[in-house]
>>> print(open('start24.cif').read())   # mmCIF, C-alpha atoms; chains and numbers go by the auth columns
data_final
loop_
_atom_site.group_PDB
_atom_site.id
_atom_site.type_symbol
_atom_site.label_atom_id
_atom_site.label_comp_id
_atom_site.label_asym_id
_atom_site.label_seq_id
_atom_site.Cartn_x
_atom_site.Cartn_y
_atom_site.Cartn_z
_atom_site.B_iso_or_equiv
_atom_site.auth_seq_id
_atom_site.auth_asym_id
ATOM 1 C CA MET A 1 -11.628 3.399 8.722 0.00 1 X
ATOM 2 C CA ALA A 2 -9.704 5.031 11.551 0.00 2 X
ATOM 3 C CA ARG A 3 -5.956 4.875 11.384 0.00 3 X
ATOM 4 C CA SER A 4 -4.138 2.727 13.913 0.00 4 X
ATOM 5 C CA SER A 5 -1.928 4.202 16.599 0.00 5 X
ATOM 6 C CA ALA A 6 1.125 2.916 14.731 0.00 6 X
ATOM 7 C CA ASP A 7 -0.051 4.650 11.537 0.00 7 X
ATOM 8 C CA ASP A 8 -0.539 7.909 13.421 0.00 8 X
ATOM 9 C CA THR A 9 2.933 7.624 14.890 0.00 9 X
ATOM 10 C CA ARG A 10 4.488 7.021 11.475 0.00 10 X
ATOM 11 C CA GLN A 11 2.639 10.018 10.051 0.00 11 X
ATOM 12 C CA ARG A 12 3.853 12.263 12.873 0.00 12 X
ATOM 13 C CA ILE A 13 7.416 11.097 12.275 0.00 13 X
ATOM 14 C CA LEU A 14 7.072 11.716 8.533 0.00 14 X
ATOM 15 C CA ASP A 15 5.612 15.188 9.127 0.00 15 X
ATOM 16 C CA ALA A 16 8.407 16.142 11.514 0.00 16 X
ATOM 17 C CA ALA A 17 11.085 14.704 9.231 0.00 17 X
ATOM 18 C CA GLU A 18 9.676 16.485 6.189 0.00 18 X
ATOM 19 C CA ALA A 19 9.755 19.840 7.960 0.00 19 X
ATOM 20 C CA LEU A 20 13.303 19.358 9.259 0.00 20 X
ATOM 21 C CA PHE A 21 14.725 17.947 6.027 0.00 21 X
ATOM 22 C CA ALA A 22 13.249 20.898 4.138 0.00 22 X
ATOM 23 C CA GLU A 23 14.582 23.443 6.616 0.00 23 X
ATOM 24 C CA ARG A 24 18.010 21.992 7.393 0.00 24 X
ATOM 25 C CA GLY A 25 18.750 19.503 4.646 0.00 25 X
ATOM 26 C CA TYR A 26 19.486 15.833 5.066 0.00 26 X
ATOM 27 C CA HIS A 27 22.752 16.274 6.937 0.00 27 X
ATOM 28 C CA GLY A 28 21.426 19.040 9.171 0.00 28 X
ATOM 29 C CA ALA A 29 18.452 17.072 10.499 0.00 29 X
ATOM 30 C CA ALA A 30 19.283 14.620 13.283 0.00 30 X
ATOM 31 C CA LEU A 31 17.038 11.679 14.072 0.00 31 X
ATOM 32 C CA ARG A 32 16.826 12.917 17.669 0.00 32 X
ATOM 33 C CA GLN A 33 15.444 16.256 16.481 0.00 33 X
ATOM 34 C CA ILE A 34 12.955 14.500 14.219 0.00 34 X
ATOM 35 C CA ALA A 35 11.769 12.345 17.109 0.00 35 X
ATOM 36 C CA GLU A 36 11.362 15.418 19.306 0.00 36 X
ATOM 37 C CA GLY A 37 9.343 17.136 16.586 0.00 37 X
ATOM 38 C CA ALA A 38 7.096 14.101 16.306 0.00 38 X
ATOM 39 C CA GLY A 39 6.704 13.868 20.075 0.00 39 X
ATOM 40 C CA VAL A 40 8.135 10.356 20.301 0.00 40 X
ATOM 41 C CA ALA A 41 11.234 8.754 21.754 0.00 41 X
ATOM 42 C CA VAL A 42 14.220 8.184 19.474 0.00 42 X
ATOM 43 C CA SER A 43 13.775 4.453 19.980 0.00 43 X
ATOM 44 C CA VAL A 44 10.233 4.707 18.597 0.00 44 X
ATOM 45 C CA ALA A 45 11.461 6.537 15.494 0.00 45 X
ATOM 46 C CA GLN A 46 14.157 3.896 15.024 0.00 46 X
ATOM 47 C CA TYR A 47 11.556 1.149 15.409 0.00 47 X
ATOM 48 C CA HIS A 48 9.541 2.526 12.489 0.00 48 X
ATOM 49 C CA TYR A 49 12.519 3.610 10.341 0.00 49 X
ATOM 50 C CA ASP A 50 15.748 1.634 10.445 0.00 50 X
ATOM 51 C CA SER A 51 17.864 4.578 9.269 0.00 51 X
ATOM 52 C CA LYS A 52 17.679 8.285 8.500 0.00 52 X
ATOM 53 C CA GLU A 53 18.211 7.442 4.835 0.00 53 X
ATOM 54 C CA THR A 54 15.140 5.189 4.806 0.00 54 X
ATOM 55 C CA LEU A 55 13.117 7.916 6.520 0.00 55 X
ATOM 56 C CA TYR A 56 14.265 10.476 3.951 0.00 56 X
ATOM 57 C CA CYS A 57 13.260 8.171 1.121 0.00 57 X
ATOM 58 C CA ASP A 58 9.833 7.593 2.676 0.00 58 X
ATOM 59 C CA VAL A 59 9.312 11.334 3.160 0.00 59 X
ATOM 60 C CA VAL A 60 9.827 11.863 -0.563 0.00 60 X
ATOM 61 C CA GLU A 61 7.805 8.798 -1.532 0.00 61 X
ATOM 62 C CA ARG A 62 4.739 10.056 0.324 0.00 62 X
ATOM 63 C CA ARG A 63 4.509 13.033 -2.051 0.00 63 X
ATOM 64 C CA ILE A 64 6.092 11.825 -5.289 0.00 64 X
ATOM 65 C CA ALA A 65 4.029 8.627 -5.509 0.00 65 X
ATOM 66 C CA VAL A 66 0.849 10.700 -5.776 0.00 66 X
ATOM 67 C CA LEU A 67 2.408 13.128 -8.252 0.00 67 X
ATOM 68 C CA ASN A 68 3.789 10.343 -10.437 0.00 68 X
ATOM 69 C CA HIS A 69 0.325 8.771 -10.503 0.00 69 X
ATOM 70 C CA GLU A 70 -1.068 12.098 -11.732 0.00 70 X
ATOM 71 C CA ARG A 71 1.681 12.333 -14.342 0.00 71 X
ATOM 72 C CA LEU A 72 0.903 8.875 -15.703 0.00 72 X
ATOM 73 C CA GLY A 73 -2.800 9.734 -15.761 0.00 73 X
ATOM 74 C CA LEU A 74 -2.157 12.844 -17.860 0.00 74 X
ATOM 75 C CA LEU A 75 0.134 10.910 -20.183 0.00 75 X
ATOM 76 C CA ASP A 76 -2.465 8.162 -20.596 0.00 76 X
ATOM 77 C CA LYS A 77 -5.089 10.792 -21.395 0.00 77 X
ATOM 78 C CA ALA A 78 -2.785 12.341 -24.013 0.00 78 X
ATOM 79 C CA GLU A 79 -2.106 8.949 -25.595 0.00 79 X
ATOM 80 C CA ARG A 80 -5.817 8.137 -25.790 0.00 80 X
ATOM 81 C CA ALA A 81 -6.488 11.517 -27.389 0.00 81 X
ATOM 82 C CA SER A 82 -3.990 10.872 -30.200 0.00 82 X
ATOM 83 C CA PRO A 83 -5.693 9.681 -33.405 0.00 83 X
ATOM 84 C CA ASP A 84 -5.080 6.237 -34.903 0.00 84 X
ATOM 85 C CA GLY A 85 -2.534 5.172 -32.295 0.00 85 X
ATOM 86 C CA ALA A 86 -0.173 8.056 -33.069 0.00 86 X
ATOM 87 C CA PRO A 87 2.149 9.165 -30.272 0.00 87 X
ATOM 88 C CA PRO A 88 0.928 12.068 -28.141 0.00 88 X
ATOM 89 C CA GLN A 89 1.966 15.585 -28.992 0.00 89 X
ATOM 90 C CA LEU A 90 5.248 16.819 -27.509 0.00 90 X
ATOM 91 C CA SER A 91 3.442 19.567 -25.607 0.00 91 X
ATOM 92 C CA ALA A 92 1.078 17.021 -24.046 0.00 92 X
ATOM 93 C CA VAL A 93 3.963 14.831 -22.858 0.00 93 X
ATOM 94 C CA LEU A 94 5.696 17.830 -21.320 0.00 94 X
ATOM 95 C CA GLN A 95 2.468 18.901 -19.655 0.00 95 X
ATOM 96 C CA ALA A 96 2.191 15.464 -18.039 0.00 96 X
ATOM 97 C CA LEU A 97 5.782 15.747 -16.833 0.00 97 X
ATOM 98 C CA ILE A 98 5.614 19.314 -15.537 0.00 98 X
ATOM 99 C CA GLU A 99 2.104 20.255 -14.439 0.00 99 X
ATOM 100 C CA PRO A 100 1.449 17.972 -11.437 0.00 100 X
ATOM 101 C CA ILE A 101 4.629 19.029 -9.623 0.00 101 X
ATOM 102 C CA VAL A 102 4.210 22.734 -10.363 0.00 102 X
ATOM 103 C CA ARG A 103 0.587 22.736 -9.235 0.00 103 X
ATOM 104 C CA PHE A 104 1.377 20.828 -6.047 0.00 104 X
ATOM 105 C CA CYS A 105 4.437 22.865 -5.079 0.00 105 X
ATOM 106 C CA ARG A 106 2.620 26.148 -5.704 0.00 106 X
ATOM 107 C CA SER A 107 -0.444 25.084 -3.742 0.00 107 X
ATOM 108 C CA LYS A 108 -1.246 25.448 -0.050 0.00 108 X
ATOM 109 C CA ARG A 109 -1.609 21.690 0.391 0.00 109 X
ATOM 110 C CA PRO A 110 0.224 20.037 3.316 0.00 110 X
ATOM 111 C CA GLY A 111 3.872 19.431 2.506 0.00 111 X
ATOM 112 C CA ALA A 112 3.883 21.465 -0.718 0.00 112 X
ATOM 113 C CA LYS A 113 6.477 24.035 0.313 0.00 113 X
ATOM 114 C CA GLU A 114 8.598 21.396 2.036 0.00 114 X
ATOM 115 C CA PHE A 115 8.524 19.091 -0.981 0.00 115 X
ATOM 116 C CA ALA A 116 9.633 21.942 -3.237 0.00 116 X
ATOM 117 C CA GLN A 117 12.645 22.514 -0.981 0.00 117 X
ATOM 118 C CA ILE A 118 13.495 18.817 -0.816 0.00 118 X
ATOM 119 C CA LEU A 119 13.134 18.540 -4.606 0.00 119 X
ATOM 120 C CA GLY A 120 15.903 21.090 -4.991 0.00 120 X
ATOM 121 C CA GLN A 121 18.057 19.172 -2.519 0.00 121 X
ATOM 122 C CA VAL A 122 17.653 15.873 -4.359 0.00 122 X
ATOM 123 C CA SER A 123 18.432 17.547 -7.692 0.00 123 X
ATOM 124 C CA ASN A 124 21.759 18.918 -6.471 0.00 124 X
ATOM 125 C CA ASP A 125 23.053 16.510 -3.809 0.00 125 X
ATOM 126 C CA PRO A 126 25.404 13.701 -4.956 0.00 126 X
ATOM 127 C CA GLY A 127 25.076 11.889 -1.628 0.00 127 X
ATOM 128 C CA PRO A 128 23.810 8.298 -1.387 0.00 128 X
ATOM 129 C CA HIS A 129 20.536 9.338 0.258 0.00 129 X
ATOM 130 C CA ALA A 130 19.681 11.602 -2.696 0.00 130 X
ATOM 131 C CA ARG A 131 20.860 8.999 -5.185 0.00 131 X
ATOM 132 C CA ARG A 132 18.606 6.421 -3.562 0.00 132 X
ATOM 133 C CA VAL A 133 15.615 8.737 -3.873 0.00 133 X
ATOM 134 C CA ALA A 134 16.428 9.477 -7.511 0.00 134 X
ATOM 135 C CA ASP A 135 16.983 5.804 -8.364 0.00 135 X
ATOM 136 C CA THR A 136 13.773 4.729 -6.652 0.00 136 X
ATOM 137 C CA HIS A 137 11.273 7.498 -7.313 0.00 137 X
ATOM 138 C CA PHE A 138 12.517 9.882 -10.002 0.00 138 X
ATOM 139 C CA ASP A 139 14.495 7.958 -12.612 0.00 139 X
ATOM 140 C CA PRO A 140 11.910 5.201 -13.297 0.00 140 X
ATOM 141 C CA ILE A 141 9.187 7.742 -14.132 0.00 141 X
ATOM 142 C CA GLY A 142 11.845 9.757 -15.953 0.00 142 X
ATOM 143 C CA ARG A 143 12.671 6.862 -18.256 0.00 143 X
ATOM 144 C CA TYR A 144 8.967 6.294 -18.898 0.00 144 X
ATOM 145 C CA MET A 145 8.481 9.944 -19.792 0.00 145 X
ATOM 146 C CA MET A 146 11.587 9.889 -21.980 0.00 146 X
ATOM 147 C CA LYS A 147 10.088 7.035 -24.001 0.00 147 X
ATOM 148 C CA ALA A 148 7.039 9.198 -24.624 0.00 148 X
ATOM 149 C CA LEU A 149 9.274 12.126 -25.555 0.00 149 X
ATOM 150 C CA ALA A 150 11.229 9.893 -27.939 0.00 150 X
ATOM 151 C CA ALA A 151 7.980 8.806 -29.597 0.00 151 X
ATOM 152 C CA ALA A 152 6.975 12.451 -30.018 0.00 152 X
ATOM 153 C CA LEU A 153 10.436 13.307 -31.405 0.00 153 X
ATOM 154 C CA PRO A 154 11.505 10.241 -33.410 0.00 154 X
ATOM 155 C CA GLY A 155 15.188 10.057 -34.249 0.00 155 X
ATOM 156 C CA LEU A 156 16.341 12.235 -31.368 0.00 156 X
ATOM 157 C CA PRO A 157 19.627 10.747 -30.038 0.00 157 X
ATOM 158 C CA GLN A 158 19.474 9.346 -26.517 0.00 158 X
ATOM 159 C CA ASP A 159 22.097 11.736 -25.170 0.00 159 X
ATOM 160 C CA THR A 160 20.219 14.740 -26.541 0.00 160 X
ATOM 161 C CA LEU A 161 16.970 13.371 -25.170 0.00 161 X
ATOM 162 C CA ALA A 162 18.548 12.880 -21.737 0.00 162 X
ATOM 163 C CA LEU A 163 19.983 16.394 -21.711 0.00 163 X
ATOM 164 C CA GLY A 164 16.639 17.877 -22.720 0.00 164 X
ATOM 165 C CA TYR A 165 14.903 15.960 -19.961 0.00 165 X
ATOM 166 C CA ILE A 166 17.426 17.180 -17.372 0.00 166 X
ATOM 167 C CA PHE A 167 17.016 20.762 -18.614 0.00 167 X
ATOM 168 C CA VAL A 168 13.266 20.516 -17.978 0.00 168 X
ATOM 169 C CA ILE A 169 13.670 18.870 -14.564 0.00 169 X
ATOM 170 C CA GLY A 170 16.140 21.564 -13.544 0.00 170 X
ATOM 171 C CA SER A 171 13.697 24.246 -14.641 0.00 171 X
ATOM 172 C CA ILE A 172 10.932 22.693 -12.552 0.00 172 X
ATOM 173 C CA ALA A 173 13.100 22.511 -9.434 0.00 173 X
ATOM 174 C CA ALA A 174 14.234 26.113 -9.842 0.00 174 X
ATOM 175 C CA VAL A 175 10.856 27.629 -10.579 0.00 175 X
ATOM 176 C CA VAL A 176 8.993 25.955 -7.704 0.00 176 X
ATOM 177 C CA SER A 177 11.687 26.834 -5.165 0.00 177 X
ATOM 178 C CA PRO A 178 10.024 28.744 -2.300 0.00 178 X
ATOM 179 C CA THR A 179 12.936 31.138 -1.850 0.00 179 X
ATOM 180 C CA GLY A 180 11.092 34.121 -3.331 0.00 180 X
ATOM 181 C CA ARG A 181 13.855 34.639 -5.884 0.00 181 X
ATOM 182 C CA LEU A 182 11.415 34.494 -8.790 0.00 182 X
ATOM 183 C CA ALA A 183 9.305 37.313 -7.384 0.00 183 X
ATOM 184 C CA GLY A 184 12.434 39.332 -6.659 0.00 184 X
ATOM 185 C CA LEU A 185 13.760 39.004 -10.201 0.00 185 X
ATOM 186 C CA ALA A 186 10.305 39.898 -11.539 0.00 186 X
ATOM 187 C CA ASN A 187 10.329 43.087 -9.438 0.00 187 X
ATOM 188 C CA GLY A 188 7.421 41.819 -7.377 0.00 188 X
ATOM 189 C CA ALA A 189 5.092 41.381 -10.347 0.00 189 X
ATOM 190 C CA ALA A 190 1.717 40.248 -9.033 0.00 190 X
ATOM 191 C CA GLY A 191 0.904 36.567 -9.483 0.00 191 X
ATOM 192 C CA VAL A 192 4.215 35.611 -11.081 0.00 192 X
ATOM 193 C CA GLU A 193 4.684 32.724 -8.651 0.00 193 X
ATOM 194 C CA THR A 194 1.259 31.139 -9.129 0.00 194 X
ATOM 195 C CA ALA A 195 1.003 27.741 -10.798 0.00 195 X
ATOM 196 C CA ASP A 196 -0.978 29.145 -13.722 0.00 196 X
ATOM 197 C CA ALA A 197 1.537 31.919 -14.365 0.00 197 X
ATOM 198 C CA ILE A 198 4.444 29.479 -14.275 0.00 198 X
ATOM 199 C CA LEU A 199 2.768 26.875 -16.483 0.00 199 X
ATOM 200 C CA GLN A 200 1.720 29.465 -19.066 0.00 200 X
ATOM 201 C CA ARG A 201 5.420 30.191 -19.611 0.00 201 X
ATOM 202 C CA LEU A 202 7.214 26.977 -18.723 0.00 202 X
ATOM 203 C CA LEU A 203 5.204 24.617 -20.940 0.00 203 X
ATOM 204 C CA PRO A 204 5.805 26.553 -24.205 0.00 204 X
ATOM 205 C CA PHE A 205 9.384 27.260 -23.122 0.00 205 X
ATOM 206 C CA ALA A 206 10.100 23.550 -22.631 0.00 206 X
ATOM 207 C CA THR A 207 8.318 22.610 -25.858 0.00 207 X
ATOM 208 C CA ALA A 208 10.285 25.151 -27.874 0.00 208 X
ATOM 209 C CA GLY A 209 13.514 23.991 -26.236 0.00 209 X
ATOM 210 C CA PHE A 210 12.961 20.377 -27.225 0.00 210 X
ATOM 211 C CA LEU A 211 12.029 21.382 -30.765 0.00 211 X
ATOM 212 C CA ALA A 212 15.183 23.485 -30.980 0.00 212 X
ATOM 213 C CA ILE A 213 17.518 20.671 -29.945 0.00 213 X
ATOM 214 C CA ALA A 214 15.648 18.238 -32.202 0.00 214 X
ATOM 215 C CA ALA A 215 15.993 20.498 -35.263 0.00 215 X
ATOM 216 C CA PRO A 216 19.666 19.656 -36.038 0.00 216 X
ATOM 217 C CA THR A 217 18.818 15.942 -35.894 0.00 217 X
ATOM 218 C CA ALA A 218 15.900 16.423 -38.271 0.00 218 X
ATOM 219 C CA GLY A 219 18.125 18.380 -40.645 0.00 219 X
ATOM 220 C CA LEU A 220 20.808 15.687 -40.570 0.00 220 X
ATOM 221 C CA ALA A 221 18.215 13.040 -41.342 0.00 221 X
ATOM 222 C CA ARG A 222 17.018 15.009 -44.378 0.00 222 X
ATOM 223 C CA ASP A 223 20.585 15.448 -45.597 0.00 223 X
ATOM 224 C CA GLN A 224 21.245 11.705 -45.340 0.00 224 X
ATOM 225 C CA ALA A 225 17.963 10.670 -46.993 0.00 225 X
#
>>> encode(input="start24.cif", output="structure tokens")
Amino acid sequence: MARSSADDTRQRILDAAEALFAERGYHGAALRQIAEGAGVAVSVAQYHYDSKETLYCDVVERRIAVLNHERLGLLDKAERASPDGAPPQLSAVLQALIEPIVRFCRSKRPGAKEFAQILGQVSNDPGPHARRVADTHFDPIGRYMMKALAAALPGLPQDTLALGYIFVIGSIAAVVSPTGRLAGLANGAAGVETADAILQRLLPFATAGFLAIAAPTAGLARDQA
């Protein structure tokens, strides 16, 4: 079914906003500039989006909703693969958390590079627009993933679990950043920035990190048994 004119207009506004937010950040992108990029009047942009904050949230939602669906699909697959109702393996939970975003951000799909830039912004900006995005689109899936991590690592204290989760999220945001810093630090090693190269290192790195911070808890439990 063909999209309506209103749908096309919204998509053009989202495309223009995504590009400007990625390039200039939330505060550096004016609604007037976004409207110009979309080829519409400011009043038209305001008709579809009641504020720049709402537009920012919708820009992120367009990408993260698909990625979160992929994450939940991988987690469901891991749970179904576990024998006799046992929780999925730690590595499988981390794969569900990490792989969809890394593969998207390192692809040539529309919005991939821009989303990677915006992901870094959301991770480091304390402003209300970033907090709204995190509260709406990142923290709910984060809590769901943390439950799966807790099942894979029973007895891990909540604060340790939360720190481990943030360590992984920070790693994702840093490694998918399109700044070229990774290639520079790797002395231009061929293929270092591909999704496969990143996942081959990041997944075992994250798994080992969680096991390392869980080890003191496991030792304490043995001592108290």
>>> atom_distance(input="start24.cif", atom1="atom CA of X:Ile169", atom2="atom CA of X:Ala19")
22.9 Å
>>> residues_around(input="start24.cif", residues="X:Arg106", least_positions_apart="3", cutoff="10 Å", atoms="all atoms listed in the file", output="CSV table (one decimal) with C-alpha atoms, in the frame of the given file")
chain,number,residue,atom,x,y,z
X,101,ILE,CA,4.6,19.0,-9.6
X,102,VAL,CA,4.2,22.7,-10.4
X,103,ARG,CA,0.6,22.7,-9.2
X,109,ARG,CA,-1.6,21.7,0.4
X,112,ALA,CA,3.9,21.5,-0.7
X,113,LYS,CA,6.5,24.0,0.3
X,116,ALA,CA,9.6,21.9,-3.2
X,175,VAL,CA,10.9,27.6,-10.6
X,176,VAL,CA,9.0,26.0,-7.7
X,177,SER,CA,11.7,26.8,-5.2
X,178,PRO,CA,10.0,28.7,-2.3
X,193,GLU,CA,4.7,32.7,-8.7
X,194,THR,CA,1.3,31.1,-9.1
X,195,ALA,CA,1.0,27.7,-10.8
X,196,ASP,CA,-1.0,29.1,-13.7
X,198,ILE,CA,4.4,29.5,-14.3
>>> resolve_selection(input="start24.cif", expression="the PyMOL selection byres ((chain X and resi 54-57) around 12)", output="short mmCIF file (atom, residue, chain, number, x, y, z; two decimals) with C-alpha atoms, in the coordinates of the input")
data_model
loop_
_atom_site.label_atom_id
_atom_site.label_comp_id
_atom_site.auth_asym_id
_atom_site.auth_seq_id
_atom_site.Cartn_x
_atom_site.Cartn_y
_atom_site.Cartn_z
CA ARG X 10 4.49 7.02 11.48
CA GLN X 11 2.64 10.02 10.05
CA ILE X 13 7.42 11.10 12.28
CA LEU X 14 7.07 11.72 8.53
CA ASP X 15 5.61 15.19 9.13
CA ALA X 16 8.41 16.14 11.51
CA ALA X 17 11.08 14.70 9.23
CA GLU X 18 9.68 16.48 6.19
CA ALA X 19 9.76 19.84 7.96
CA LEU X 20 13.30 19.36 9.26
CA PHE X 21 14.72 17.95 6.03
CA ALA X 22 13.25 20.90 4.14
CA GLY X 25 18.75 19.50 4.65
CA TYR X 26 19.49 15.83 5.07
CA HIS X 27 22.75 16.27 6.94
CA ALA X 29 18.45 17.07 10.50
CA ALA X 30 19.28 14.62 13.28
CA LEU X 31 17.04 11.68 14.07
CA ILE X 34 12.96 14.50 14.22
CA ALA X 35 11.77 12.34 17.11
CA ALA X 45 11.46 6.54 15.49
CA GLN X 46 14.16 3.90 15.02
CA TYR X 47 11.56 1.15 15.41
CA HIS X 48 9.54 2.53 12.49
CA TYR X 49 12.52 3.61 10.34
CA ASP X 50 15.75 1.63 10.44
CA SER X 51 17.86 4.58 9.27
CA LYS X 52 17.68 8.28 8.50
CA GLU X 53 18.21 7.44 4.84
CA ASP X 58 9.83 7.59 2.68
CA VAL X 59 9.31 11.33 3.16
CA VAL X 60 9.83 11.86 -0.56
CA GLU X 61 7.80 8.80 -1.53
CA ARG X 62 4.74 10.06 0.32
CA ARG X 63 4.51 13.03 -2.05
CA ILE X 64 6.09 11.82 -5.29
CA ALA X 65 4.03 8.63 -5.51
CA PHE X 115 8.52 19.09 -0.98
CA ILE X 118 13.50 18.82 -0.82
CA LEU X 119 13.13 18.54 -4.61
CA GLN X 121 18.06 19.17 -2.52
CA VAL X 122 17.65 15.87 -4.36
CA PRO X 128 23.81 8.30 -1.39
CA HIS X 129 20.54 9.34 0.26
CA ALA X 130 19.68 11.60 -2.70
CA ARG X 131 20.86 9.00 -5.18
CA ARG X 132 18.61 6.42 -3.56
CA VAL X 133 15.62 8.74 -3.87
CA ALA X 134 16.43 9.48 -7.51
CA ASP X 135 16.98 5.80 -8.36
CA THR X 136 13.77 4.73 -6.65
CA HIS X 137 11.27 7.50 -7.31
CA PHE X 138 12.52 9.88 -10.00
#
>>> resolve_selection(input="start24.cif", expression="the PyMOL selection byres ((chain X and resi 88-100) around 7)", output="ChimeraX atom specification")
/X:67,70-71,74-75,78-79,82,86-87,101-104,148-149,152,172,199,203,207
>>> closest_residue(input="start24.cif", among="X:Gln117, X:Ala150, X:Ala215, X:Gly37", to="X:Arg24", atoms="all atoms listed in the file")
X:Gln117
>>> atom_distance(input="start24.cif", atom1="atom CA of X:Ile213", atom2="atom CA of X:Gly164")
7.8 Å
>>> closest_residue(input="start24.cif", among="X:Met146, X:Ala186, X:Asp139, X:Gly127", to="X:Gln158", atoms="all atoms listed in the file")
X:Met146
>>> axis_aligned_box(input="start24.cif", around="stretch 175-179 of chain X", padding_each_side="4 Å", output="JSON")
{"center_x": 11.0, "center_y": 28.5, "center_z": -6.2, "size_x": 11.9, "size_y": 13.2, "size_z": 16.7}
>>> atom_distance(input="start24.cif", atom1="atom CA of X:Leu72", atom2="atom CA of X:Met145")
8.7 Å
>>> closest_residue(input="start24.cif", among="X:Pro110, X:Gly85, X:Gly180, X:Gly120", to="X:Ala151", atoms="all atoms listed in the file")
X:Gly85
>>> closest_residue(input="start24.cif", among="X:Ser107, X:Thr9, X:Ala41, X:Gly209", to="X:Thr160", atoms="all atoms listed in the file")
X:Gly209
